[in-house]
$ cat final28.pdb   # PDB, C-alpha atoms
ATOM      1  CA  MET A 653       0.000   0.000   0.000
ATOM      2  CA  THR A 654       1.410   3.403  -1.022
ATOM      3  CA  SER A 655       1.465   6.014   1.748
ATOM      4  CA  GLU A 656      -0.136   9.429   1.459
ATOM      5  CA  LEU A 657       3.288  11.028   1.014
ATOM      6  CA  LEU A 658       4.387   8.565  -1.666
ATOM      7  CA  SER A 659       1.117   9.098  -3.537
ATOM      8  CA  LEU A 660       2.336  12.652  -4.200
ATOM      9  CA  ILE A 661       5.133  11.380  -6.449
ATOM     10  CA  GLY A 662       4.667  12.335 -10.104
ATOM     11  CA  ASN A 663       2.119  14.572 -11.841
ATOM     12  CA  THR A 664       4.596  17.440 -11.629
ATOM     13  CA  PRO A 665       3.928  20.779 -13.349
ATOM     14  CA  LEU A 666       5.017  21.657 -16.877
ATOM     15  CA  VAL A 667       5.538  25.418 -16.956
ATOM     16  CA  GLU A 668       6.554  27.763 -19.745
ATOM     17  CA  LEU A 669       9.752  29.776 -19.328
ATOM     18  CA  ALA A 670       8.503  32.704 -21.391
ATOM     19  CA  ARG A 671      11.466  34.960 -20.609
ATOM     20  CA  PHE A 672      13.862  32.432 -22.143
ATOM     21  CA  SER A 673      12.276  32.281 -25.580
ATOM     22  CA  PRO A 674      15.094  33.331 -27.930
ATOM     23  CA  LYS A 675      12.736  34.355 -30.743
ATOM     24  CA  PRO A 676       9.020  34.485 -31.571
ATOM     25  CA  GLY A 677       7.658  31.058 -32.360
ATOM     26  CA  ILE A 678       9.917  29.177 -29.960
ATOM     27  CA  ARG A 679       8.478  28.191 -26.604
ATOM     28  CA  ILE A 680      10.458  26.526 -23.819
ATOM     29  CA  PHE A 681       8.757  24.485 -21.099
ATOM     30  CA  ALA A 682      10.249  23.066 -17.895
ATOM     31  CA  LYS A 683       9.090  19.856 -16.228
ATOM     32  CA  LEU A 684       9.467  20.702 -12.538
ATOM     33  CA  GLU A 685      10.583  17.450 -10.914
ATOM     34  CA  GLY A 686      11.720  19.282  -7.812
ATOM     35  CA  GLN A 687       8.050  19.189  -6.808
ATOM     36  CA  ASN A 688       8.361  15.500  -5.870
ATOM     37  CA  PRO A 689       8.436  14.761  -2.104
ATOM     38  CA  SER A 690      12.205  14.316  -1.713
ATOM     39  CA  GLY A 691      12.890  17.034  -4.264
ATOM     40  CA  SER A 692      13.851  15.230  -7.459
ATOM     41  CA  VAL A 693      12.792  13.090 -10.403
ATOM     42  CA  LYS A 694      14.403  10.085  -8.708
ATOM     43  CA  ASP A 695      11.375   9.637  -6.449
ATOM     44  CA  ARG A 696       9.573   8.178  -9.459
ATOM     45  CA  ILE A 697      11.982   5.366 -10.244
ATOM     46  CA  VAL A 698      12.880   4.521  -6.649
ATOM     47  CA  LEU A 699       9.247   3.999  -5.669
ATOM     48  CA  ALA A 700       8.568   1.973  -8.821
ATOM     49  CA  MET A 701      11.627  -0.266  -8.360
ATOM     50  CA  VAL A 702      10.967  -0.825  -4.662
ATOM     51  CA  GLU A 703       7.329  -1.722  -5.272
ATOM     52  CA  GLN A 704       8.315  -4.076  -8.097
ATOM     53  CA  ALA A 705      10.733  -5.804  -5.713
ATOM     54  CA  GLU A 706       7.916  -6.085  -3.164
ATOM     55  CA  ARG A 707       5.652  -7.687  -5.754
ATOM     56  CA  ASN A 708       8.458 -10.102  -6.604
ATOM     57  CA  GLY A 709       8.689 -11.067  -2.935
ATOM     58  CA  VAL A 710      12.333 -10.085  -2.503
ATOM     59  CA  LEU A 711      11.772  -7.218  -0.038
ATOM     60  CA  LYS A 712      10.117  -7.196   3.368
ATOM     61  CA  PRO A 713       9.982  -4.488   6.078
ATOM     62  CA  GLY A 714      13.237  -4.286   7.999
ATOM     63  CA  ASP A 715      15.379  -5.284   5.018
ATOM     64  CA  THR A 716      18.271  -3.113   3.826
ATOM     65  CA  ILE A 717      18.385  -1.672   0.308
ATOM     66  CA  VAL A 718      21.747  -0.714  -1.179
ATOM     67  CA  GLU A 719      22.302   1.633  -4.121
ATOM     68  CA  ALA A 720      25.076   3.580  -5.854
ATOM     69  CA  SER A 721      24.231   7.247  -6.331
ATOM     70  CA  SER A 722      25.749  10.683  -6.725
ATOM     71  CA  GLY A 723      22.931  12.242  -4.726
ATOM     72  CA  ASN A 724      19.297  12.362  -5.722
ATOM     73  CA  THR A 725      18.617   8.638  -6.010
ATOM     74  CA  GLY A 726      20.144   8.054  -2.595
ATOM     75  CA  ILE A 727      17.984  10.778  -1.087
ATOM     76  CA  ALA A 728      14.859   9.440  -2.788
ATOM     77  CA  LEU A 729      15.638   5.928  -1.565
ATOM     78  CA  ALA A 730      16.182   7.171   1.987
ATOM     79  CA  MET A 731      12.790   8.902   1.908
ATOM     80  CA  VAL A 732      10.978   5.885   0.432
ATOM     81  CA  GLY A 733      12.761   3.649   2.937
ATOM     82  CA  LYS A 734      11.415   5.716   5.823
ATOM     83  CA  GLN A 735       7.877   5.413   4.474
ATOM     84  CA  LYS A 736       8.082   1.678   3.836
ATOM     85  CA  GLY A 737      10.203   0.471   6.729
ATOM     86  CA  TYR A 738      13.495  -0.324   4.988
ATOM     87  CA  ASN A 739      17.032   0.483   5.998
ATOM     88  CA  VAL A 740      19.105   2.230   3.338
ATOM     89  CA  LYS A 741      22.789   2.112   2.474
ATOM     90  CA  VAL A 742      24.079   4.478  -0.229
ATOM     91  CA  VAL A 743      27.442   4.248  -1.979
ATOM     92  CA  ILE A 744      28.485   7.726  -3.112
ATOM     93  CA  PRO A 745      31.669   9.295  -4.518
ATOM     94  CA  ARG A 746      33.453  11.655  -2.143
ATOM     95  CA  GLN A 747      33.199  14.714  -4.361
ATOM     96  CA  VAL A 748      29.456  15.230  -4.513
ATOM     97  CA  ALA A 749      27.544  18.365  -3.547
ATOM     98  CA  PRO A 750      28.380  19.050   0.135
ATOM     99  CA  SER A 751      24.793  18.895   1.382
ATOM    100  CA  ILE A 752      24.116  15.392   0.016
ATOM    101  CA  LYS A 753      25.750  13.728   3.024
ATOM    102  CA  ASP A 754      23.880  16.044   5.418
ATOM    103  CA  ILE A 755      20.519  15.125   3.887
ATOM    104  CA  LEU A 756      21.293  11.407   3.951
ATOM    105  CA  ASP A 757      22.310  11.748   7.607
ATOM    106  CA  LEU A 758      18.984  13.396   8.394
ATOM    107  CA  TYR A 759      17.210  10.430   6.807
ATOM    108  CA  GLU A 760      19.466   8.091   8.850
ATOM    109  CA  ALA A 761      20.783   6.409   5.721
ATOM    110  CA  GLU A 762      24.172   4.702   5.969
ATOM    111  CA  VAL A 763      26.764   6.222   3.641
ATOM    112  CA  VAL A 764      29.632   4.273   2.094
ATOM    113  CA  TRP A 765      32.195   6.511   0.422
ATOM    114  CA  CYS A 766      34.093   5.580  -2.726
ATOM    115  CA  GLU A 767      36.878   7.366  -4.541
ATOM    116  CA  PRO A 768      35.523   9.464  -7.434
ATOM    117  CA  VAL A 769      38.215   8.348  -9.865
ATOM    118  CA  ALA A 770      36.688   4.873  -9.823
ATOM    119  CA  GLY A 771      33.783   6.353 -11.746
ATOM    120  CA  MET A 772      30.142   5.437 -11.382
ATOM    121  CA  LYS A 773      30.989   1.922 -12.471
ATOM    122  CA  GLY A 774      33.229   1.690  -9.420
ATOM    123  CA  ALA A 775      30.419   2.866  -7.161
ATOM    124  CA  ILE A 776      28.059   0.317  -8.706
ATOM    125  CA  ASP A 777      30.597  -2.459  -8.158
ATOM    126  CA  ILE A 778      31.026  -1.474  -4.510
ATOM    127  CA  ALA A 779      27.245  -1.361  -3.996
ATOM    128  CA  ARG A 780      26.957  -4.855  -5.479
ATOM    129  CA  GLU A 781      29.722  -6.116  -3.207
ATOM    130  CA  GLU A 782      28.068  -4.528  -0.151
ATOM    131  CA  ALA A 783      24.729  -6.111  -1.014
ATOM    132  CA  ASN A 784      26.191  -9.556  -1.698
ATOM    133  CA  ALA A 785      28.354  -9.590   1.404
ATOM    134  CA  ASP A 786      25.513  -8.811   3.791
ATOM    135  CA  GLY A 787      22.560 -10.350   1.991
ATOM    136  CA  HIS A 788      20.992  -6.948   1.250
ATOM    137  CA  TYR A 789      18.885  -5.961  -1.749
ATOM    138  CA  LEU A 790      20.607  -4.039  -4.565
ATOM    139  CA  LEU A 791      18.217  -1.515  -6.123
ATOM    140  CA  GLY A 792      20.019  -1.231  -9.488
ATOM    141  CA  GLN A 793      18.840   2.017 -11.057
ATOM    142  CA  PHE A 794      21.393   1.750 -13.866
ATOM    143  CA  SER A 795      20.213  -1.623 -15.134
ATOM    144  CA  ASP A 796      16.596  -2.124 -14.073
ATOM    145  CA  ALA A 797      14.215  -1.668 -17.024
ATOM    146  CA  THR A 798      11.610  -0.459 -14.521
ATOM    147  CA  ASN A 799      13.507   2.833 -14.661
ATOM    148  CA  VAL A 800      12.726   3.339 -18.356
ATOM    149  CA  GLN A 801       9.179   2.015 -18.037
ATOM    150  CA  THR A 802       8.412   4.407 -15.183
ATOM    151  CA  HIS A 803       9.337   7.401 -17.327
ATOM    152  CA  TYR A 804       7.473   6.003 -20.332
ATOM    153  CA  HIS A 805       4.232   5.422 -18.412
ATOM    154  CA  GLY A 806       4.589   8.369 -16.024
ATOM    155  CA  THR A 807       6.787  11.313 -16.974
ATOM    156  CA  GLY A 808       6.330  10.893 -20.717
ATOM    157  CA  ARG A 809       2.581  10.456 -20.474
ATOM    158  CA  GLU A 810       2.281  13.560 -18.297
ATOM    159  CA  ILE A 811       4.227  15.654 -20.819
ATOM    160  CA  VAL A 812       2.091  14.474 -23.752
ATOM    161  CA  GLU A 813      -1.107  15.183 -21.837
ATOM    162  CA  ALA A 814       0.065  18.684 -20.939
ATOM    163  CA  LEU A 815       1.642  19.516 -24.310
ATOM    164  CA  PRO A 816       0.825  17.147 -27.195
ATOM    165  CA  ASP A 817       3.020  19.032 -29.671
ATOM    166  CA  VAL A 818       6.641  18.605 -28.508
ATOM    167  CA  ASP A 819       9.395  19.234 -31.061
ATOM    168  CA  VAL A 820      12.463  18.831 -28.837
ATOM    169  CA  PHE A 821      12.979  17.058 -25.514
ATOM    170  CA  VAL A 822      16.131  17.778 -23.479
ATOM    171  CA  ALA A 823      17.166  15.753 -20.436
ATOM    172  CA  GLY A 824      20.248  14.758 -18.505
ATOM    173  CA  ILE A 825      21.552  11.345 -19.507
ATOM    174  CA  GLY A 826      22.308  10.024 -16.021
ATOM    175  CA  THR A 827      21.101   6.411 -15.914
ATOM    176  CA  GLY A 828      19.495   6.762 -19.343
ATOM    177  CA  GLY A 829      16.053   6.066 -17.888
ATOM    178  CA  THR A 830      14.482   9.484 -18.317
ATOM    179  CA  VAL A 831      15.775  10.260 -21.789
ATOM    180  CA  MET A 832      14.903   6.759 -23.077
ATOM    181  CA  GLY A 833      11.500   6.372 -21.427
ATOM    182  CA  VAL A 834      10.193   9.859 -22.131
ATOM    183  CA  GLY A 835      11.728   9.844 -25.603
ATOM    184  CA  LYS A 836       9.928   6.631 -26.531
ATOM    185  CA  ARG A 837       6.587   8.001 -25.320
ATOM    186  CA  LEU A 838       7.010  11.325 -27.153
ATOM    187  CA  ARG A 839       7.925   9.588 -30.420
ATOM    188  CA  GLU A 840       4.618   7.736 -30.359
ATOM    189  CA  THR A 841       2.882  11.109 -30.619
ATOM    190  CA  ASN A 842       5.432  12.825 -32.864
ATOM    191  CA  PRO A 843       7.916  10.554 -34.690
ATOM    192  CA  ASP A 844       9.953  13.635 -35.627
ATOM    193  CA  VAL A 845      10.570  14.810 -32.061
ATOM    194  CA  ARG A 846      14.273  15.369 -31.365
ATOM    195  CA  ILE A 847      15.679  13.759 -28.217
ATOM    196  CA  ILE A 848      18.719  15.542 -26.763
ATOM    197  CA  GLY A 849      20.887  14.133 -23.979
ATOM    198  CA  VAL A 850      23.031  16.256 -21.662
ATOM    199  CA  GLU A 851      25.954  15.134 -19.513
ATOM    200  CA  PRO A 852      28.358  16.978 -17.188
ATOM    201  CA  ARG A 853      31.868  17.971 -18.102
ATOM    202  CA  LEU A 854      33.981  16.599 -15.303
ATOM    203  CA  GLY A 855      37.293  17.718 -13.831
ATOM    204  CA  GLU A 856      40.424  15.627 -13.499
ATOM    205  CA  GLN A 857      39.560  14.388 -10.010
ATOM    206  CA  VAL A 858      36.130  13.069 -10.992
ATOM    207  CA  GLN A 859      36.800  11.753 -14.479
ATOM    208  CA  GLY A 860      34.700   8.717 -15.209
ATOM    209  CA  LEU A 861      31.745   9.522 -12.964
ATOM    210  CA  ARG A 862      28.731   9.129 -15.231
ATOM    211  CA  SER A 863      30.777  10.465 -18.146
ATOM    212  CA  LEU A 864      30.116   8.643 -21.409
ATOM    213  CA  SER A 865      33.387   9.953 -22.799
ATOM    214  CA  GLU A 866      35.224   8.102 -20.013
ATOM    215  CA  GLY A 867      33.837   4.746 -21.047
ATOM    216  CA  PHE A 868      30.828   4.223 -18.772
ATOM    217  CA  ILE A 869      27.714   3.849 -20.893
ATOM    218  CA  PRO A 870      24.628   3.145 -18.755
ATOM    219  CA  PRO A 871      23.101  -0.205 -19.813
ATOM    220  CA  LEU A 872      19.679   1.427 -20.218
ATOM    221  CA  LEU A 873      20.965   4.019 -22.693
ATOM    222  CA  GLU A 874      20.571   3.433 -26.427
ATOM    223  CA  LEU A 875      22.830   5.999 -28.032
ATOM    224  CA  ASP A 876      21.247   5.578 -31.464
ATOM    225  CA  GLN A 877      17.968   6.873 -30.011
ATOM    226  CA  LEU A 878      19.521  10.268 -29.257
ATOM    227  CA  ASP A 879      19.426  13.033 -31.862
ATOM    228  CA  GLY A 880      22.147  14.985 -30.094
ATOM    229  CA  ARG A 881      24.366  15.093 -27.009
ATOM    230  CA  PHE A 882      25.747  18.101 -25.159
ATOM    231  CA  LEU A 883      28.577  18.261 -22.654
ATOM    232  CA  VAL A 884      27.964  21.133 -20.208
ATOM    233  CA  ASP A 885      30.459  22.414 -17.660
ATOM    234  CA  SER A 886      29.422  23.257 -14.117
ATOM    235  CA  ALA A 887      29.930  27.013 -14.500
ATOM    236  CA  ALA A 888      27.520  27.201 -17.451
ATOM    237  CA  ALA A 889      24.999  25.014 -15.637
ATOM    238  CA  MET A 890      25.129  27.121 -12.470
ATOM    239  CA  GLU A 891      24.986  30.413 -14.336
ATOM    240  CA  THR A 892      21.924  29.305 -16.290
ATOM    241  CA  ALA A 893      20.223  27.973 -13.162
ATOM    242  CA  HIS A 894      20.887  31.289 -11.438
ATOM    243  CA  ASN A 895      19.402  33.145 -14.410
ATOM    244  CA  VAL A 896      16.231  31.028 -14.205
ATOM    245  CA  ILE A 897      15.827  31.817 -10.523
ATOM    246  CA  ARG A 898      16.268  35.538 -11.142
ATOM    247  CA  ALA A 899      14.153  35.772 -14.297
ATOM    248  CA  GLU A 900      11.347  33.293 -13.615
ATOM    249  CA  GLY A 901      11.429  32.674  -9.873
ATOM    250  CA  VAL A 902      11.831  28.939 -10.521
ATOM    251  CA  MET A 903      14.302  27.329  -8.102
ATOM    252  CA  ALA A 904      16.279  25.452 -10.726
ATOM    253  CA  GLY A 905      18.926  22.967  -9.661
ATOM    254  CA  ALA A 906      22.280  22.270 -11.269
ATOM    255  CA  SER A 907      21.061  19.752 -13.846
ATOM    256  CA  ALA A 908      18.159  22.050 -14.715
ATOM    257  CA  GLY A 909      20.673  24.752 -15.550
ATOM    258  CA  ALA A 910      22.617  22.295 -17.702
ATOM    259  CA  THR A 911      19.595  21.055 -19.649
ATOM    260  CA  LEU A 912      18.294  24.579 -20.210
ATOM    261  CA  HIS A 913      21.754  25.697 -21.354
ATOM    262  CA  ALA A 914      21.698  22.910 -23.958
ATOM    263  CA  ALA A 915      18.101  23.689 -24.933
ATOM    264  CA  LEU A 916      18.979  27.306 -25.637
ATOM    265  CA  ARG A 917      21.794  26.177 -27.934
ATOM    266  CA  VAL A 918      19.368  23.919 -29.792
ATOM    267  CA  ALA A 919      16.840  26.770 -30.014
ATOM    268  CA  GLU A 920      19.394  28.963 -31.801
ATOM    269  CA  ARG A 921      19.082  26.682 -34.818
ATOM    270  CA  MET A 922      15.283  26.590 -34.809
ATOM    271  CA  ASP A 923      12.750  28.952 -36.357
ATOM    272  CA  LYS A 924       9.793  27.710 -34.327
ATOM    273  CA  GLY A 925       8.718  24.862 -32.093
ATOM    274  CA  ASN A 926       8.115  23.678 -28.542
ATOM    275  CA  ILE A 927      11.050  22.547 -26.400
ATOM    276  CA  VAL A 928      10.501  20.590 -23.181
ATOM    277  CA  VAL A 929      13.365  20.596 -20.682
ATOM    278  CA  MET A 930      13.701  18.301 -17.689
ATOM    279  CA  PHE A 931      14.302  20.220 -14.463
ATOM    280  CA  SER A 932      15.283  17.138 -12.482
ATOM    281  CA  ASP A 933      15.578  18.857  -9.119
ATOM    282  CA  GLY A 934      15.377  22.210  -7.383
ATOM    283  CA  ALA A 935      18.042  24.516  -6.018
ATOM    284  CA  TRP A 936      17.475  23.984  -2.312
ATOM    285  CA  LYS A 937      20.104  21.332  -1.649
ATOM    286  CA  TYR A 938      22.774  23.428  -3.403
ATOM    287  CA  LEU A 939      22.222  26.590  -1.372
ATOM    288  CA  PRO A 940      24.797  25.870   1.382
ATOM    289  CA  ALA A 941      27.590  25.594  -1.203
ATOM    290  CA  GLN A 942      26.597  28.727  -3.132
ATOM    291  CA  PRO A 943      27.889  27.363  -6.490
ATOM    292  CA  TRP A 944      26.329  30.282  -8.380
ATOM    293  CA  ALA A 945      28.747  32.658  -6.704
ATOM    294  CA  ALA A 946      31.667  30.400  -7.613
ATOM    295  CA  ALA A 947      30.469  30.304 -11.226
ATOM    296  CA  ALA A 948      30.279  34.095 -11.343
ATOM    297  CA  GLU A 949      33.855  34.270 -10.069
ATOM    298  CA  GLY A 950      35.064  31.831 -12.718
ATOM    299  CA  ASP A 951      36.064  29.185 -10.191
ATOM    300  CA  GLU A 952      37.530  26.370 -12.304
ATOM    301  CA  SER A 953      37.287  23.906  -9.412
ATOM    302  CA  LEU A 954      33.495  23.676  -9.914
ATOM    303  CA  ASP A 955      34.018  20.794 -12.327
ATOM    304  CA  GLU A 956      35.747  18.844  -9.553
ATOM    305  CA  THR A 957      32.413  18.365  -7.766
ATOM    306  CA  HIS A 958      29.721  16.170  -9.209
ATOM    307  CA  TRP A 959      26.761  18.512  -8.878
ATOM    308  CA  TRP A 960      24.294  16.467 -10.898
TER     309      TRP A 960
END
$ encode --input "final28.pdb" --output "structure tokens"
Amino acid sequence: MTSELLSLIGNTPLVELARFSPKPGIRIFAKLEGQNPSGSVKDRIVLAMVEQAERNGVLKPGDTIVEASSGNTGIALAMVGKQKGYNVKVVIPRQVAPSIKDILDLYEAEVVWCEPVAGMKGAIDIAREEANADGHYLLGQFSDATNVQTHYHGTGREIVEALPDVDVFVAGIGTGGTVMGVGKRLRETNPDVRIIGVEPRLGEQVQGLRSLSEGFIPPLLELDQLDGRFLVDSAAAMETAHNVIRAEGVMAGASAGATLHAALRVAERMDKGNIVVMFSDGAWKYLPAQPWAAAAEGDESLDETHWW
């Protein structure tokens, strides 16, 4: 049975960012996933994967769920765990946004640190080892097809219902779940829709973490289904997020800034059309670190933290 809090996951707003239209005829819309209970799009897939495991009979209250994450999935899992009576262990790279550990501590999740240079594949391997050694359940966001299906049936459906005519969809690549699931659903309505993936440009100390260029391709990602890929550095992502907050009053997180930055570059080559951008989380968890100020000062070390 889904709790009252968990029933609030999904059905997030799609809002137009009118002040960011680069020319008449081009409209940009943001899917505000920060409206989910733990503050990100990851609430959707965590709940779906946990409930699938329950239906399969491999989870019972009191069990421990283990997952590799750079932030939002771990937080979502900690929240869902509290609601459903599971313990949570999260394997995270050391150089994530400073407040991630604080939030996980508040949720009483156990944190296992891994060195960032091992990449996300290294974190996944450690999570698998932790689960196997102690008989815990490995969530598996990077390989579970439930991830893609959740975005196909949920996020994608919601976008089509709110805006049937989508010409371009822009999302962070991450696990591949959002861009694949939503992309598939949008193509059923408009076969000509362009699907654009965005990934972070990473510094020397965090090379490999979720970076396709460093050899880790999420199993759920089908590269031939993407019409374009953008690599966005942290300074550009933070500057754009800051601009959204100032211009629209929307508390855009780091990945939202990155996806909007890419969307604006795509829009430059368009005469007209509707662009939907995933705003995967809000700005709240980034406030203690003040990354917007660092971006304004040209701080090159921003790319040494995995913000999204």
$ residues_around --input "final28.pdb" --residues "Asn842 in chain A" --least-positions-apart "5" --cutoff "8 Å" --atoms "all atoms listed in the file" --output "list of chain:residue names"
A:Asp817, A:Val818, A:Asp819
$ residues_around --input "final28.pdb" --residues "Met922 in chain A" --least-positions-apart "3" --cutoff "10 Å" --atoms "all atoms listed in the file" --output "number ranges by chain"
A: 674-675, 677-678, 916-919, 925-926
$ write_last_selection --input "final28.pdb" --atoms "C-alpha atoms" --output "PDB file, in the coordinates of the input"
ATOM      1  CA  PRO A 674      15.094  33.331 -27.930  1.00  0.00           C
ATOM      2  CA  LYS A 675      12.736  34.355 -30.743  1.00  0.00           C
ATOM      3  CA  GLY A 677       7.658  31.058 -32.360  1.00  0.00           C
ATOM      4  CA  ILE A 678       9.917  29.177 -29.960  1.00  0.00           C
ATOM      5  CA  LEU A 916      18.979  27.306 -25.637  1.00  0.00           C
ATOM      6  CA  ARG A 917      21.794  26.177 -27.934  1.00  0.00           C
ATOM      7  CA  VAL A 918      19.368  23.919 -29.792  1.00  0.00           C
ATOM      8  CA  ALA A 919      16.840  26.770 -30.014  1.00  0.00           C
ATOM      9  CA  GLY A 925       8.718  24.862 -32.093  1.00  0.00           C
ATOM     10  CA  ASN A 926       8.115  23.678 -28.542  1.00  0.00           C
TER      11      ASN A 926
END
$ resolve_selection --input "final28.pdb" --expression "the PyMOL selection byres ((chain A and resi 690) around 12)" --output "count of residues only"
39
$ atom_distance --input "final28.pdb" --atom1 "CA of Phe681 in chain A" --atom2 "CA of Leu669 in chain A"
5.7 Å
$ resolve_selection --input "final28.pdb" --expression "the PyMOL selection byres ((chain A and resi 877) around 10)" --output "list in words"
Val831, Met832, Gly835, Lys836, Arg846, Ile847, Ile848, Gly849, Leu873, Glu874, Leu875, Asp876, Leu878, Asp879 and Gly880 of chain A
$ atom_distance --input "final28.pdb" --atom1 "CA of Lys773 in chain A" --atom2 "CA of Gly787 in chain A"
20.8 Å
$ closest_residue --input "final28.pdb" --among "A:Val884, A:Ala783, A:Leu838, A:Leu758" --to "Ala915 in chain A" --atoms "only C-alpha atoms"
A:Val884
$ atom_distance --input "final28.pdb" --atom1 "CA of Tyr738 in chain A" --atom2 "CA of Asp757 in chain A"
15.2 Å
$ resolve_selection --input "final28.pdb" --expression "the PyMOL selection byres ((chain A and resi 904-912) around 8)" --output "ChimeraX atom specification"
/A:822-824,850,852,884-886,888-894,896-897,902-903,913-916,929-936,938,959-960
$ closest_residue --input "final28.pdb" --among "A:Ala749, A:Gly709, A:Trp765, A:Val845" --to "Ala941 in chain A" --atoms "only C-alpha atoms"
A:Ala749
$ axis_aligned_box --input "final28.pdb" --around "range 900-910 of chain A" --padding-each-side "5 Å" --output "AutoDock Vina command-line options"
--center_x 17.0 --center_y 26.5 --center_z -12.9 --size_x 21.3 --size_y 23.5 --size_z 19.6
$ closest_residue --input "final28.pdb" --among "A:Leu791, A:Val742, A:Val748, A:Ala797" --to "Glu956 in chain A" --atoms "all atoms listed in the file"
A:Val748
$ closest_residue --input "final28.pdb" --among "A:Asn739, A:Arg898, A:Phe882, A:Gln704" --to "Thr798 in chain A" --atoms "only C-alpha atoms"
A:Gln704
$ residues_around --input "final28.pdb" --residues "Ile927 in chain A" --least-positions-apart "2" --cutoff "6 Å" --atoms "all atoms listed in the file" --output "mmCIF file with C-alpha atoms, in the frame of the given file"
data_model
loop_
_atom_site.group_PDB
_atom_site.id
_atom_site.type_symbol
_atom_site.label_atom_id
_atom_site.label_comp_id
_atom_site.auth_asym_id
_atom_site.auth_seq_id
_atom_site.Cartn_x
_atom_site.Cartn_y
_atom_site.Cartn_z
ATOM 1 C CA ILE A 680 10.458 26.526 -23.819
ATOM 2 C CA ASP A 819 9.395 19.234 -31.061
ATOM 3 C CA VAL A 820 12.463 18.831 -28.837
ATOM 4 C CA PHE A 821 12.979 17.058 -25.514
#
$ closest_residue --input "final28.pdb" --among "A:Arg921, A:Arg707, A:Arg853, A:Arg809" --to "Thr957 in chain A" --atoms "all atoms listed in the file"
A:Arg853
$ closest_residue --input "final28.pdb" --among "A:Gln747, A:Ser673, A:Ser655, A:Thr827" --to "Gly792 in chain A" --atoms "only C-alpha atoms"
A:Thr827
$ residues_near_point --input "final28.pdb" --point "(21.4, 0.3, 0.7)" --cutoff "7 Å" --atoms "all atoms listed in the file" --output "compact mmCIF listing (two decimals) with C-alpha atoms, in the frame of the given file"
# COMPACT_ATOMS: atom_id res chain seq x y z
CA THR A 716 18.27 -3.11 3.83
CA ILE A 717 18.39 -1.67 0.31
CA VAL A 718 21.75 -0.71 -1.18
CA GLU A 719 22.30 1.63 -4.12
CA ASN A 739 17.03 0.48 6.00
CA VAL A 740 19.10 2.23 3.34
CA LYS A 741 22.79 2.11 2.47
CA VAL A 742 24.08 4.48 -0.23
CA LEU A 790 20.61 -4.04 -4.57
